[in-house]
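Below you'll find the structure, written out as structure tokens, and then a few comments.
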Amino acid sequence: MLKICVDAGHGSQTAGKRTSPMPNAIDVNKDGKTDIKKGEQFKEHTANVGVSSFLVEELKRCGFDTMQTGFDDDNATDDIDTILSARQTAIAKANCDYSISVHFNAFGDGKSFNSAEGIGIYIHNQYIEQSEKLAKVVLKYLAGGSKQTNRGITKQSLAMCNCNNMDVKGAILVELAFMTNLHEATDLMANEAYWKESAIEIAKGMCEYAGMKYVPEKSIMYKVQVGAYSVKENAERLSKELDKLGYENIIVEV
């Protein structure tokens, strides 16, 4: 069984690594309650943990073994910013096969929003191993989701891409959107639906790369009974009335 490390970048109190003040209040999970007040900044780590938590669920359901660095659960408020060398050591000791580090990008001084945008993936410029092949297939799925600029694959000497230090076959760092872009910060980064979408796309890429079948989450169906009759004609009469009202219905004999 392949073992994947899911790394949530930074920590709950990492300096910087947050949006500019939001111009409007935002309901991140669309439950009718305000999660980010007007004028507040939204921390990158919160979104990183949101995506990472969904990604762990996706990978486990698809048959991968997983470990986590940078977070221990879906609560993003109590995670210390584990130093990069410690993350690398933990991944190596856990005998992971691959590592996926989740981030949101930034550009400029962080004090105001700007036009930099898009998704991209980083791999190491020296220890490429299987990283480039994995990055290509994951990016294919990410680029096929929410409409964003595809910034491609960048090779750079980043710690969380260093296959040698982590002793993995491949490592990628995904930058899912720009926290310094107003649209991407408010509609993507601060949006639980986008977190889950991104996790699904990354998992699909990992599955394709590993030659495994992606297993979607099971849909839950709730059924409501509106009548029970001992005479079939009575059931048929109610069914016709529901049809007239536009309600799809079925008659089940038990």
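Chain labels A, B, ... are given in the sequence in which chains occur in the structure tokens; within each chain residues are numbered consecutively from 1, and ligands are likewise numbered from 1 in the order shown.
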Spatial neighbours of Ile128 (chain A), 9 Å, only C-alpha atoms, chain gap at least 4 places, as a PyMOL selection string: chain A and resi 123-124+132+155+161-163+169-171
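Look at Thr69 (chain A): the protein and nucleic acid residues within 9 Å of it, using only C-alpha atoms and passing over chain neighbours fewer than 6 places away, are Cys5, Val6, Asp7, Ala8, Gly9, Thr82, Arg87, Ala90, Ile91 and Ser101 of chain A.
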Residue neighbourhood Thr180 (chain A), 7 Å, only C-alpha atoms, exclusion window fewer than 6 positions, as a PyMOL selection string: chain A and resi 19-20+106-107+110+112-114
Output C-alpha atoms for every residue in that selection, as an mmCIF file, in the first residue's frame.
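The result, stored in again.cif:
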```cif
data_model
loop_
_atom_site.group_PDB
_atom_site.id
_atom_site.type_symbol
_atom_site.label_atom_id
_atom_site.label_comp_id
_atom_site.auth_asym_id
_atom_site.auth_seq_id
_atom_site.Cartn_x
_atom_site.Cartn_y
_atom_site.Cartn_z
ATOM 1 C CA THR A 19 -4.959 37.773 2.957
ATOM 2 C CA SER A 20 -5.264 41.511 2.961
ATOM 3 C CA ALA A 106 0.963 35.287 -2.642
ATOM 4 C CA PHE A 107 2.465 38.206 -4.540
ATOM 5 C CA GLY A 110 0.564 41.567 1.265
ATOM 6 C CA SER A 112 -3.361 45.068 -0.778
ATOM 7 C CA PHE A 113 -4.879 42.810 -3.399
ATOM 8 C CA ASN A 114 -3.394 42.632 -6.900
#
```
d(CA of Asn165 (chain A), CA of Gly70 (chain A)) in Å: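 One can read the CA of Asn165 (chain A) to CA of Gly70 (chain A) distance as 16.9 Å.
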Distance query region 203-207 of chain A at most 10 Å, only C-alpha atoms, self and fewer than 2 positions along chain excluded, as a PyMOL selection string: chain A and resi 4+54-64+98+100+134-142+197-201+209-216
Members of region 48-173 of chain A assigned strand (DSSP E or B) by DSSP, as a list of chain:residue names: A:Asp65, A:Thr66, A:Met67, A:Gln68, A:Thr69, A:Tyr98, A:Ser99, A:Ile100, A:Ser101, A:Val102, A:His103, A:Phe104, A:Asn105, A:Ile119, A:Gly120, A:Ile121, A:Tyr122, A:Ile123, A:Asn150, A:Arg151, A:Gly152, A:Ile153, A:Thr154, A:Lys155, A:Gly170, A:Ala171, A:Ile172, A:Leu173
Two-atom distance - CA of Lys38 (chain A), CA of Asn191 (chain A) (Å):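 Atom-to-atom, CA of Lys38 (chain A) to CA of Asn191 (chain A), that is 15.5 Å.
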Residues flagged alpha helix (DSSP H) by DSSP in region 20-202 of chain A, as an NGL selection string: :A and (44-61 or 84-93 or 131-143 or 163-166 or 182-183 or 192-202)
Residue among A:Asp27, A:Asp81, A:Glu175, A:Glu248 lying closest to Asp187 (chain A), counting only C-alpha atoms: A:Asp27
Closest of A:Ala86, A:Ala116, A:Met179, A:Ile251 to Thr149 (chain A) - atom-to-atom distances counting only C-alpha atoms: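 Closest to Thr149 (chain A) of all the choices is A:Ala116.
Excluding Pro23 (chain A) itself and same-chain residues fewer than 2 positions from it, the residues having an atom within 12 Å of it are Thr19, Ser20, Pro21, Ala25, Ile26, Ile36, Lys37, Lys38, Gly39, Glu40, Gln41, Phe42, Ser112, Phe113, Leu182, His183, Ala185 and Thr186 of chain A, counting only C-alpha atoms.
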Given only C-alpha atoms as the counted atoms, nearest of A:Ile250, A:Ile153, A:Val49, A:Met1 to Tyr122 (chain A): A:Ile153
Residue among A:Asp65, A:Ala228, A:Ser146, A:Phe178 lying closest to Cys96 (chain A), counting only C-alpha atoms: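 With only C-alpha atoms as the atom set, the closest residue is A:Asp65.
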Nearby residues (only C-alpha atoms) at most 8 Å from Met160 (chain A), same-chain spacing under 5 positions excluded, as an MDAnalysis selection string: chainID A and resid 84 88 99 101 171:173
Top pick for closest residue to Ser85 (chain A), considering A:Thr66, A:Glu44, A:Gly118, A:Ala159 and counting only C-alpha atoms: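 Closest residue, counting only C-alpha atoms: A:Ala159.
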Given only C-alpha atoms as the counted atoms, nearest of A:Glu253, A:Glu192, A:Asp97, A:Glu236 to Asn29 (chain A):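 Under the stated criterion, the closest residue is A:Glu192.
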